[in-house]
Amino acid sequence: MSTRTAGLVAALTITTSVIAACGAAPTTAGGGGSGSGDSKAATATSAQDFGGLDKLVEAAKKEGQLNTIALPPDWANYGEVIKAFEAKYGIKITNDNPDGSSQDEINAVKTLKGQGRAPDVLDLGSAFALSGAQEGLFAPYKVQSWDKIPDGQKETGGAWYYDYGGYISIGCDAKRVKTCPQTFADLLKPEYKGMVALNGDPTKAGAAFAGVYAASLANQGSFDDIQPGIDFFKKLKENGNFNPVEATPATVEKGETPVTLDWDYLQASYAKEFSSKGVDWKIAIPADGQYANFYAQAINKWAPHPAAARLWQEFLYSTEGQNLWLKGYARPVLLPSMQQDGSADAAMVAQLPKVEGTPTFPTPDQVNKAKEALASGWGAAVSG
C-alpha cells in the first residue's frame, strides 16, 4: 500500500449513492435497553442531549463499560483504538468475537437483546449496515463532527455513518509465490493452484462480499450484476485455484493463504507485521476490478451501555480517533476535511495505497440485489 492522489480523496468524499457497510453470563438490561446506564442516554441523539460532551463523558464513566464486537486488533488499527479509548476515559472495553463477521454482529443484536453482554456498538460492511437500518436495529445519534461527514456517507437520521474505507486488493507472499498476481485475470493462471483465498464468506462478511463484487467488475459485470463475480469464483474453484480457507494474519504467516483478496489497509498491516517474520507481503490493487467502499458505525438500539456507546462514536470521529484509523492504513471518512485544516497525520497519508482513476460505488438497491444473488448462488458455485 502506497500513496493515493488528492483527486481520489475527493472522489471518495463526494459519493452520494453509496450505502455503508461491518462472554460472561447474561444480565438483564434496564429500561428501554439502557442496561446500567441512564434511561435518558438510550434516546440521546447528540451530545447536547446530555448537556454537552463533558456530561456525556460523565455518564459514560458512570457506566464504566463498553461492549464491542468483531473488531480484530489488526483490523484498521483497532487494537490501538481500543487501548486509547480505555486509557482516555477509564472505561473497560469487552470485545466479543473479534474475528466475527458483519452478519455475526447483526445476529448478536437480535439474540442478545435485553442482555448486559449485548454489543453496544457495531462496525458493519455496506450490505449489513443497510439491512440493519431497514430492520430498525440501530439508535440514531449524530456525533459532533456530523456536518463534516458528506451527505452521501451517512444515513440522514443518524442510524449509521461511514467510518473508514479502502480498496479490494491482492496480497501475495513473494517468498512462496514466484510471480505475484496483479489482476483478477492473473488469478486464473495454473501457477496459483490452491492459493487464492477470501477474507470470509461473502454472504456474511463485508470484505469477502466486496471481493466478489470486484471480481464481477473485472469480468464484464456491473453493480447491477454481481453474477460474473460468482461465476469467476466458480471457475476459480473448478480449476483448483480457490482456497476455501478464511484468510487471516495467522493463515498468511503459516503460508496457508499465500494469495488473498482483501481490503488494502489489512494487506498493508500484514506487510508491516510480517516484514520481521520472513514474509515478503506484496500488495496490488487490480486495475481490472477496482472496487472501493467504506464500513459504517452504528449504535445498537438496545445497547446496555448507551452513554458509553455514544462516547465511543464521539471518540472515533474526533481527530484523535480518525488519525488512529489512518495509522492503520485505512482512509477515515473525515480525512479530506482534516487535510484541509491540517489535522491529518501527513506521514500516514503518504503511506496510503496508490490508486489510479476515480472510484464508483453501488447504490443501496444494487447492494441489496447483489446480496440476494450471493445468498442464492454462492454456495452452489464453490461447493464440492
# chains A, B, ... in the order shown; residues from 1 in each chain; ligands from 1

call {"tool": "select_by_dssp", "arguments": {"residues": "range 230-302 of chain A", "states": "strand (DSSP E)", "output": "PyMOL selection string"}}
result
chain A and resi 259-263+281-284+292-299

call {"tool": "write_last_selection", "arguments": {"atoms": "N, CA, C and O atoms", "output": "PDB file, in the first residue's frame"}}
result
ATOM      1  N   VAL A 259      -2.028 -16.177  -1.349  1.00  0.00           N
ATOM      2  CA  VAL A 259      -2.619 -15.124  -2.195  1.00  0.00           C
ATOM      3  C   VAL A 259      -4.011 -14.828  -1.643  1.00  0.00           C
ATOM      4  O   VAL A 259      -4.840 -15.726  -1.527  1.00  0.00           O
ATOM      5  N   THR A 260      -4.264 -13.570  -1.285  1.00  0.00           N
ATOM      6  CA  THR A 260      -5.548 -13.222  -0.680  1.00  0.00           C
ATOM      7  C   THR A 260      -6.185 -12.022  -1.364  1.00  0.00           C
ATOM      8  O   THR A 260      -5.501 -11.133  -1.868  1.00  0.00           O
ATOM      9  N   LEU A 261      -7.516 -12.010  -1.357  1.00  0.00           N
ATOM     10  CA  LEU A 261      -8.290 -10.851  -1.782  1.00  0.00           C
ATOM     11  C   LEU A 261      -8.869 -10.220  -0.521  1.00  0.00           C
ATOM     12  O   LEU A 261      -9.626 -10.875   0.213  1.00  0.00           O
ATOM     13  N   ASP A 262      -8.495  -8.974  -0.273  1.00  0.00           N
ATOM     14  CA  ASP A 262      -8.891  -8.341   0.984  1.00  0.00           C
ATOM     15  C   ASP A 262      -8.749  -6.832   0.852  1.00  0.00           C
ATOM     16  O   ASP A 262      -8.204  -6.328  -0.140  1.00  0.00           O
ATOM     17  N   TRP A 263      -9.204  -6.104   1.855  1.00  0.00           N
ATOM     18  CA  TRP A 263      -9.044  -4.649   1.854  1.00  0.00           C
ATOM     19  C   TRP A 263      -7.574  -4.269   1.867  1.00  0.00           C
ATOM     20  O   TRP A 263      -6.758  -4.924   2.526  1.00  0.00           O
ATOM     21  N   TRP A 281       5.362  -9.632   1.968  1.00  0.00           N
ATOM     22  CA  TRP A 281       3.976  -9.478   1.543  1.00  0.00           C
ATOM     23  C   TRP A 281       3.835  -8.314   0.570  1.00  0.00           C
ATOM     24  O   TRP A 281       4.096  -7.177   0.902  1.00  0.00           O
ATOM     25  N   LYS A 282       3.431  -8.629  -0.662  1.00  0.00           N
ATOM     26  CA  LYS A 282       3.264  -7.628  -1.706  1.00  0.00           C
ATOM     27  C   LYS A 282       1.775  -7.355  -1.928  1.00  0.00           C
ATOM     28  O   LYS A 282       0.944  -8.249  -1.791  1.00  0.00           O
ATOM     29  N   ILE A 283       1.451  -6.133  -2.310  1.00  0.00           N
ATOM     30  CA  ILE A 283       0.060  -5.725  -2.464  1.00  0.00           C
ATOM     31  C   ILE A 283      -0.157  -5.068  -3.815  1.00  0.00           C
ATOM     32  O   ILE A 283       0.642  -4.233  -4.242  1.00  0.00           O
ATOM     33  N   ALA A 284      -1.254  -5.452  -4.492  1.00  0.00           N
ATOM     34  CA  ALA A 284      -1.608  -4.829  -5.767  1.00  0.00           C
ATOM     35  C   ALA A 284      -3.115  -4.574  -5.779  1.00  0.00           C
ATOM     36  O   ALA A 284      -3.898  -5.450  -5.398  1.00  0.00           O
ATOM     37  N   ALA A 292     -13.871   0.164  -4.381  1.00  0.00           N
ATOM     38  CA  ALA A 292     -13.640   0.835  -3.101  1.00  0.00           C
ATOM     39  C   ALA A 292     -14.949   0.977  -2.348  1.00  0.00           C
ATOM     40  O   ALA A 292     -16.010   1.142  -2.955  1.00  0.00           O
ATOM     41  N   ASN A 293     -14.883   0.913  -1.034  1.00  0.00           N
ATOM     42  CA  ASN A 293     -16.074   1.152  -0.229  1.00  0.00           C
ATOM     43  C   ASN A 293     -15.674   1.405   1.218  1.00  0.00           C
ATOM     44  O   ASN A 293     -14.508   1.229   1.586  1.00  0.00           O
ATOM     45  N   PHE A 294     -16.658   1.823   1.992  1.00  0.00           N
ATOM     46  CA  PHE A 294     -16.456   2.126   3.403  1.00  0.00           C
ATOM     47  C   PHE A 294     -17.182   1.128   4.286  1.00  0.00           C
ATOM     48  O   PHE A 294     -18.141   0.480   3.853  1.00  0.00           O
ATOM     49  N   TYR A 295     -16.757   1.061   5.533  1.00  0.00           N
ATOM     50  CA  TYR A 295     -17.535   0.416   6.575  1.00  0.00           C
ATOM     51  C   TYR A 295     -18.315   1.512   7.302  1.00  0.00           C
ATOM     52  O   TYR A 295     -18.094   2.699   7.079  1.00  0.00           O
ATOM     53  N   ALA A 296     -19.231   1.094   8.171  1.00  0.00           N
ATOM     54  CA  ALA A 296     -20.088   2.066   8.848  1.00  0.00           C
ATOM     55  C   ALA A 296     -20.184   1.766  10.337  1.00  0.00           C
ATOM     56  O   ALA A 296     -20.122   0.611  10.757  1.00  0.00           O
ATOM     57  N   GLN A 297     -20.353   2.817  11.120  1.00  0.00           N
ATOM     58  CA  GLN A 297     -20.604   2.696  12.551  1.00  0.00           C
ATOM     59  C   GLN A 297     -22.091   2.774  12.820  1.00  0.00           C
ATOM     60  O   GLN A 297     -22.838   3.483  12.123  1.00  0.00           O
ATOM     61  N   ALA A 298     -22.540   2.053  13.835  1.00  0.00           N
ATOM     62  CA  ALA A 298     -23.926   2.141  14.293  1.00  0.00           C
ATOM     63  C   ALA A 298     -23.970   1.796  15.774  1.00  0.00           C
ATOM     64  O   ALA A 298     -23.094   1.102  16.297  1.00  0.00           O
ATOM     65  N   ILE A 299     -25.003   2.287  16.435  1.00  0.00           N
ATOM     66  CA  ILE A 299     -25.220   2.004  17.854  1.00  0.00           C
ATOM     67  C   ILE A 299     -26.410   1.050  17.977  1.00  0.00           C
ATOM     68  O   ILE A 299     -27.463   1.273  17.372  1.00  0.00           O
TER      69      ILE A 299
END

call {"tool": "closest_atom_pairs", "arguments": {"of": "range 282-347 of chain A", "to": "range 39-47 of chain A", "cutoff": "10 Å", "atoms": "only C-alpha atoms", "output": "JSON lines"}}
result
{"residue": "A:Ile299", "atom": "CA", "partner": "A:Ala42", "partner_atom": "CA", "distance": 9.9}
{"residue": "A:Asn300", "atom": "CA", "partner": "A:Ala42", "partner_atom": "CA", "distance": 9.6}
{"residue": "A:Lys301", "atom": "CA", "partner": "A:Ala42", "partner_atom": "CA", "distance": 7.6}
{"residue": "A:Trp302", "atom": "CA", "partner": "A:Ala42", "partner_atom": "CA", "distance": 7.5}
{"residue": "A:Ala303", "atom": "CA", "partner": "A:Ala42", "partner_atom": "CA", "distance": 7.4}
{"residue": "A:Pro304", "atom": "CA", "partner": "A:Ala42", "partner_atom": "CA", "distance": 8.7}
{"residue": "A:His305", "atom": "CA", "partner": "A:Ala42", "partner_atom": "CA", "distance": 8.2}
{"residue": "A:Pro306", "atom": "CA", "partner": "A:Ala42", "partner_atom": "CA", "distance": 5.1}
{"residue": "A:Ala307", "atom": "CA", "partner": "A:Ala41", "partner_atom": "CA", "distance": 5.4}
{"residue": "A:Ala308", "atom": "CA", "partner": "A:Ala41", "partner_atom": "CA", "distance": 9.1}
{"residue": "A:Ala309", "atom": "CA", "partner": "A:Ala42", "partner_atom": "CA", "distance": 9.4}
{"residue": "A:Arg310", "atom": "CA", "partner": "A:Ala47", "partner_atom": "CA", "distance": 8.0}
{"residue": "A:Leu311", "atom": "CA", "partner": "A:Ala47", "partner_atom": "CA", "distance": 8.4}
{"residue": "A:Glu314", "atom": "CA", "partner": "A:Ala47", "partner_atom": "CA", "distance": 8.6}

call {"tool": "residues_around", "arguments": {"residues": "Ala215 in chain A", "least_positions_apart": "4", "cutoff": "8 Å", "atoms": "only C-alpha atoms", "output": "list of chain:residue names"}}
result
A:Phe184, A:Gly211, A:Asn219, A:Pro228, A:Gly229, A:Ile230, A:Phe232, A:Gly289

call {"tool": "write_last_selection", "arguments": {"atoms": "N, CA, C and O atoms", "output": "mmCIF file, in the first residue's frame"}}
result
data_model
loop_
_atom_site.group_PDB
_atom_site.id
_atom_site.type_symbol
_atom_site.label_atom_id
_atom_site.label_comp_id
_atom_site.auth_asym_id
_atom_site.auth_seq_id
_atom_site.Cartn_x
_atom_site.Cartn_y
_atom_site.Cartn_z
ATOM 1 N N PHE A 184 -7.303 -9.747 -11.545
ATOM 2 C CA PHE A 184 -8.190 -10.895 -11.380
ATOM 3 C C PHE A 184 -7.912 -11.936 -12.456
ATOM 4 O O PHE A 184 -7.953 -13.141 -12.191
ATOM 5 N N GLY A 211 -14.971 -8.510 -2.330
ATOM 6 C CA GLY A 211 -14.085 -9.250 -3.225
ATOM 7 C C GLY A 211 -14.824 -9.839 -4.413
ATOM 8 O O GLY A 211 -14.327 -9.819 -5.547
ATOM 9 N N ASN A 219 -14.938 -8.781 -14.758
ATOM 10 C CA ASN A 219 -15.390 -9.785 -15.726
ATOM 11 C C ASN A 219 -16.692 -9.375 -16.407
ATOM 12 O O ASN A 219 -17.640 -10.159 -16.498
ATOM 13 N N PRO A 228 -21.316 -12.285 -12.680
ATOM 14 C CA PRO A 228 -19.995 -12.606 -13.230
ATOM 15 C C PRO A 228 -18.930 -12.817 -12.158
ATOM 16 O O PRO A 228 -17.978 -13.570 -12.363
ATOM 17 N N GLY A 229 -19.087 -12.168 -11.016
ATOM 18 C CA GLY A 229 -18.152 -12.379 -9.914
ATOM 19 C C GLY A 229 -18.329 -13.755 -9.300
ATOM 20 O O GLY A 229 -17.358 -14.446 -8.972
ATOM 21 N N ILE A 230 -19.580 -14.162 -9.127
ATOM 22 C CA ILE A 230 -19.857 -15.503 -8.619
ATOM 23 C C ILE A 230 -19.329 -16.548 -9.609
ATOM 24 O O ILE A 230 -18.701 -17.538 -9.209
ATOM 25 N N PHE A 232 -16.908 -16.180 -11.664
ATOM 26 C CA PHE A 232 -15.439 -16.155 -11.616
ATOM 27 C C PHE A 232 -14.934 -17.090 -10.522
ATOM 28 O O PHE A 232 -14.003 -17.881 -10.742
ATOM 29 N N GLY A 289 -10.437 -4.741 -11.791
ATOM 30 C CA GLY A 289 -11.583 -4.854 -10.893
ATOM 31 C C GLY A 289 -11.433 -3.934 -9.703
ATOM 32 O O GLY A 289 -11.419 -4.385 -8.550
#

call {"tool": "residues_around", "arguments": {"residues": "range 123-130 of chain A", "least_positions_apart": "3", "cutoff": "10 Å", "atoms": "only C-alpha atoms", "output": "ChimeraX atom specification"}}
result
/A:18-22,68-71,101-106,133-135,137-138,155,159-164,203-210,293-299,362,364-371

call {"tool": "write_last_selection", "arguments": {"atoms": "N, CA and C atoms", "output": "short mmCIF file (atom, residue, chain, number, x, y, z; two decimals), in the first residue's frame"}}
result
data_model
loop_
_atom_site.label_atom_id
_atom_site.label_comp_id
_atom_site.auth_asym_id
_atom_site.auth_seq_id
_atom_site.Cartn_x
_atom_site.Cartn_y
_atom_site.Cartn_z
N VAL A 18 -23.67 5.78 -2.21
CA VAL A 18 -23.16 4.62 -1.54
C VAL A 18 -23.85 4.32 -0.21
N ILE A 19 -23.92 3.05 0.16
CA ILE A 19 -24.52 2.68 1.44
C ILE A 19 -23.47 1.92 2.25
N ALA A 20 -23.38 2.23 3.55
CA ALA A 20 -22.34 1.62 4.34
C ALA A 20 -22.78 0.38 5.13
N ALA A 21 -21.31 -0.01 4.37
CA ALA A 21 -21.12 -1.04 5.28
C ALA A 21 -20.91 -0.42 6.45
N CYS A 22 -19.28 -3.10 9.16
CA CYS A 22 -19.08 -4.35 9.36
C CYS A 22 -19.30 -3.80 9.49
N THR A 68 -17.94 -4.07 22.56
CA THR A 68 -17.75 -4.06 21.11
C THR A 68 -17.81 -5.49 20.61
N ILE A 69 -17.83 -5.64 19.30
CA ILE A 69 -17.91 -6.98 18.71
C ILE A 69 -17.22 -6.98 17.35
N ALA A 70 -16.56 -8.09 17.04
CA ALA A 70 -15.97 -8.32 15.72
C ALA A 70 -14.95 -7.26 15.33
N LEU A 71 -14.10 -6.86 16.28
CA LEU A 71 -13.05 -5.89 15.99
C LEU A 71 -11.68 -6.54 16.20
N SER A 101 -18.03 -11.82 11.79
CA SER A 101 -18.42 -11.14 10.56
C SER A 101 -19.49 -10.09 10.85
N SER A 102 -19.82 -9.31 9.82
CA SER A 102 -20.90 -8.34 9.96
C SER A 102 -22.21 -9.04 10.28
N GLN A 103 -22.45 -10.19 9.67
CA GLN A 103 -23.68 -10.93 9.96
C GLN A 103 -23.71 -11.39 11.41
N ASP A 104 -22.55 -11.78 11.95
CA ASP A 104 -22.48 -12.15 13.36
C ASP A 104 -22.88 -10.98 14.25
N GLU A 105 -22.51 -9.77 13.85
CA GLU A 105 -22.87 -8.58 14.63
C GLU A 105 -24.38 -8.37 14.64
N ILE A 106 -24.98 -8.47 13.46
CA ILE A 106 -26.43 -8.32 13.36
C ILE A 106 -27.14 -9.40 14.18
N ALA A 133 -30.37 -1.14 9.36
CA ALA A 133 -31.15 0.08 9.47
C ALA A 133 -32.59 -0.16 9.03
N GLN A 134 -32.76 -0.94 7.98
CA GLN A 134 -34.11 -1.25 7.48
C GLN A 134 -34.91 -2.05 8.51
N GLU A 135 -34.22 -2.83 9.31
CA GLU A 135 -34.88 -3.62 10.35
C GLU A 135 -35.10 -2.85 11.64
N LEU A 137 -32.71 -1.71 13.80
CA LEU A 137 -31.86 -2.23 14.87
C LEU A 137 -30.94 -1.17 15.49
N PHE A 138 -30.87 0.01 14.90
CA PHE A 138 -29.88 1.00 15.33
C PHE A 138 -30.53 2.21 16.00
N GLU A 155 -26.50 8.00 6.97
CA GLU A 155 -27.95 7.92 6.91
C GLU A 155 -28.48 9.23 7.51
N ALA A 159 -28.73 6.92 11.79
CA ALA A 159 -28.74 5.49 12.13
C ALA A 159 -27.38 4.85 11.90
N TRP A 160 -26.66 5.28 10.88
CA TRP A 160 -25.31 4.80 10.61
C TRP A 160 -24.55 5.88 9.86
N TYR A 161 -23.23 5.80 9.89
CA TYR A 161 -22.40 6.72 9.12
C TYR A 161 -21.06 6.04 8.87
N TYR A 162 -20.49 6.37 7.72
CA TYR A 162 -19.21 5.77 7.35
C TYR A 162 -18.12 6.11 8.36
N ASP A 163 -17.21 5.17 8.53
CA ASP A 163 -16.10 5.42 9.43
C ASP A 163 -14.76 5.43 8.69
N TYR A 164 -14.47 4.40 7.93
CA TYR A 164 -13.20 4.31 7.18
C TYR A 164 -13.43 3.42 5.97
N THR A 203 -21.40 -14.09 1.83
CA THR A 203 -22.79 -13.93 2.25
C THR A 203 -22.88 -13.43 3.69
N LYS A 204 -21.73 -13.39 4.39
CA LYS A 204 -21.71 -12.99 5.79
C LYS A 204 -20.72 -11.87 6.10
N ALA A 205 -19.62 -11.78 5.34
CA ALA A 205 -18.53 -10.85 5.65
C ALA A 205 -18.40 -9.78 4.59
N GLY A 206 -18.29 -8.52 5.03
CA GLY A 206 -18.21 -7.40 4.11
C GLY A 206 -17.01 -7.43 3.19
N ALA A 207 -15.84 -7.84 3.71
CA ALA A 207 -14.63 -7.86 2.90
C ALA A 207 -14.75 -8.88 1.76
N ALA A 208 -15.30 -10.05 2.07
CA ALA A 208 -15.46 -11.08 1.04
C ALA A 208 -16.55 -10.67 0.04
N PHE A 209 -17.61 -10.06 0.53
CA PHE A 209 -18.67 -9.54 -0.34
C PHE A 209 -18.06 -8.58 -1.37
N ALA A 210 -17.20 -7.69 -0.88
CA ALA A 210 -16.55 -6.73 -1.77
C ALA A 210 -15.62 -7.42 -2.76
N ASN A 293 -14.88 0.91 -1.03
CA ASN A 293 -16.07 1.15 -0.23
C ASN A 293 -15.67 1.41 1.22
N PHE A 294 -16.66 1.82 1.99
CA PHE A 294 -16.46 2.13 3.40
C PHE A 294 -17.18 1.13 4.29
N TYR A 295 -16.76 1.06 5.53
CA TYR A 295 -17.54 0.42 6.58
C TYR A 295 -18.31 1.51 7.30
N ALA A 296 -19.23 1.09 8.17
CA ALA A 296 -20.09 2.07 8.85
C ALA A 296 -20.18 1.77 10.34
N GLN A 297 -20.35 2.82 11.12
CA GLN A 297 -20.60 2.70 12.55
C GLN A 297 -22.09 2.77 12.82
N ALA A 298 -22.54 2.05 13.83
CA ALA A 298 -23.93 2.14 14.29
C ALA A 298 -23.97 1.80 15.77
N ILE A 299 -25.00 2.29 16.44
CA ILE A 299 -25.22 2.00 17.85
C ILE A 299 -26.41 1.05 17.98
N PRO A 362 -21.69 1.27 -5.50
CA PRO A 362 -23.05 0.78 -5.72
C PRO A 362 -24.07 1.56 -4.90
N PRO A 364 -27.80 1.69 -2.74
CA PRO A 364 -28.43 0.76 -1.80
C PRO A 364 -29.20 -0.37 -2.50
N ASP A 365 -29.95 -0.03 -3.53
CA ASP A 365 -30.71 -1.06 -4.25
C ASP A 365 -29.78 -2.08 -4.90
N GLN A 366 -28.66 -1.60 -5.45
CA GLN A 366 -27.70 -2.51 -6.09
C GLN A 366 -27.06 -3.44 -5.06
N VAL A 367 -26.76 -2.89 -3.87
CA VAL A 367 -26.18 -3.70 -2.80
C VAL A 367 -27.16 -4.80 -2.39
N ASN A 368 -28.42 -4.43 -2.23
CA ASN A 368 -29.44 -5.43 -1.86
C ASN A 368 -29.56 -6.52 -2.91
N LYS A 369 -29.55 -6.11 -4.16
CA LYS A 369 -29.67 -7.07 -5.26
C LYS A 369 -28.47 -8.03 -5.28
N ALA A 370 -27.28 -7.48 -5.06
CA ALA A 370 -26.06 -8.31 -5.04
C ALA A 370 -26.09 -9.28 -3.86
N LYS A 371 -26.57 -8.79 -2.72
CA LYS A 371 -26.64 -9.65 -1.54
C LYS A 371 -27.59 -10.82 -1.77
#

call {"tool": "residues_around", "arguments": {"residues": "Trp146 in chain A", "least_positions_apart": "6", "cutoff": "9 Å", "atoms": "only C-alpha atoms", "output": "ChimeraX atom specification"}}
result
/A:154,158,161,317

call {"tool": "write_last_selection", "arguments": {"atoms": "N, CA, C and O atoms", "output": "PDB file, in the first residue's frame"}}
result
ATOM      1  N   LYS A 154     -23.649   9.023   5.064  1.00  0.00           N
ATOM      2  CA  LYS A 154     -24.330   8.849   6.339  1.00  0.00           C
ATOM      3  C   LYS A 154     -25.824   8.732   6.089  1.00  0.00           C
ATOM      4  O   LYS A 154     -26.358   9.269   5.110  1.00  0.00           O
ATOM      5  N   GLY A 158     -29.095   9.597  11.181  1.00  0.00           N
ATOM      6  CA  GLY A 158     -28.035   9.241  12.114  1.00  0.00           C
ATOM      7  C   GLY A 158     -28.011   7.783  12.516  1.00  0.00           C
ATOM      8  O   GLY A 158     -27.314   7.412  13.470  1.00  0.00           O
ATOM      9  N   TYR A 161     -23.230   5.803   9.890  1.00  0.00           N
ATOM     10  CA  TYR A 161     -22.396   6.716   9.119  1.00  0.00           C
ATOM     11  C   TYR A 161     -21.055   6.042   8.866  1.00  0.00           C
ATOM     12  O   TYR A 161     -20.571   5.235   9.649  1.00  0.00           O
ATOM     13  N   TYR A 317     -14.823   9.684  15.852  1.00  0.00           N
ATOM     14  CA  TYR A 317     -14.947  10.770  14.874  1.00  0.00           C
ATOM     15  C   TYR A 317     -14.257  12.049  15.323  1.00  0.00           C
ATOM     16  O   TYR A 317     -14.441  13.099  14.715  1.00  0.00           O
TER      17      TYR A 317
END

call {"tool": "atom_distance", "arguments": {"atom1": "CA of Phe274 in chain A", "atom2": "CA of Ala250 in chain A"}}
result
10.4 Å

call {"tool": "residues_around", "arguments": {"residues": "range 376-380 of chain A", "least_positions_apart": "3", "cutoff": "10 Å", "atoms": "only C-alpha atoms", "output": "MDAnalysis selection string"}}
result
chainID A and resid 201:203 212 227 229:231 233:234 371:373 383:384

call {"tool": "atom_distance", "arguments": {"atom1": "CA of Leu374 in chain A", "atom2": "CA of Ser216 in chain A"}}
result
11.9 Å

call {"tool": "residues_around", "arguments": {"residues": "Ala347 in chain A", "least_positions_apart": "3", "cutoff": "10 Å", "atoms": "only C-alpha atoms", "output": "short mmCIF file (atom, residue, chain, number, x, y, z; two decimals) with N, CA, C and O atoms, in the first residue's frame"}}
result
data_model
loop_
_atom_site.label_atom_id
_atom_site.label_comp_id
_atom_site.auth_asym_id
_atom_site.auth_seq_id
_atom_site.Cartn_x
_atom_site.Cartn_y
_atom_site.Cartn_z
N LEU A 326 -6.22 6.08 10.38
CA LEU A 326 -5.25 6.41 9.33
C LEU A 326 -3.92 5.70 9.59
O LEU A 326 -3.28 5.21 8.67
N LYS A 327 -3.55 5.62 10.86
CA LYS A 327 -2.32 4.91 11.23
C LYS A 327 -2.40 3.44 10.85
O LYS A 327 -1.38 2.77 10.62
N ALA A 344 -4.71 16.11 9.81
CA ALA A 344 -4.40 14.73 9.40
C ALA A 344 -2.91 14.45 9.56
O ALA A 344 -2.07 15.33 9.33
N ALA A 350 0.86 9.78 3.47
CA ALA A 350 1.84 9.46 2.43
C ALA A 350 2.02 7.96 2.24
O ALA A 350 2.52 7.52 1.20
N GLN A 351 1.60 7.17 3.22
CA GLN A 351 1.76 5.72 3.12
C GLN A 351 0.50 5.00 2.61
O GLN A 351 0.50 3.78 2.48
N LEU A 352 -0.55 5.75 2.31
CA LEU A 352 -1.76 5.12 1.80
C LEU A 352 -1.51 4.52 0.41
O LEU A 352 -0.65 4.99 -0.33
#

call {"tool": "select_by_dssp", "arguments": {"residues": "range 265-354 of chain A", "states": "alpha helix (DSSP H)", "output": "number ranges by chain"}}
result
A: 265-274, 306-316, 319-327, 335-341, 346-349

call {"tool": "closest_residue", "arguments": {"among": "A:Gln48, A:Ala268, A:Gln290, A:Tyr213", "to": "Lys142 in chain A", "atoms": "only C-alpha atoms"}}
result
A:Gln48

call {"tool": "closest_residue", "arguments": {"among": "A:Gln144, A:Gln340, A:Thr257, A:Thr248", "to": "Ser269 in chain A", "atoms": "only C-alpha atoms"}}
result
A:Thr248

call {"tool": "closest_residue", "arguments": {"among": "A:Gly194, A:Pro258, A:Gly342, A:Gly52", "to": "Tyr270 in chain A", "atoms": "only C-alpha atoms"}}
result
A:Pro258

call {"tool": "closest_residue", "arguments": {"among": "A:Gly328, A:Gly321, A:Pro150, A:Pro336", "to": "Lys272 in chain A", "atoms": "only C-alpha atoms"}}
result
A:Gly328
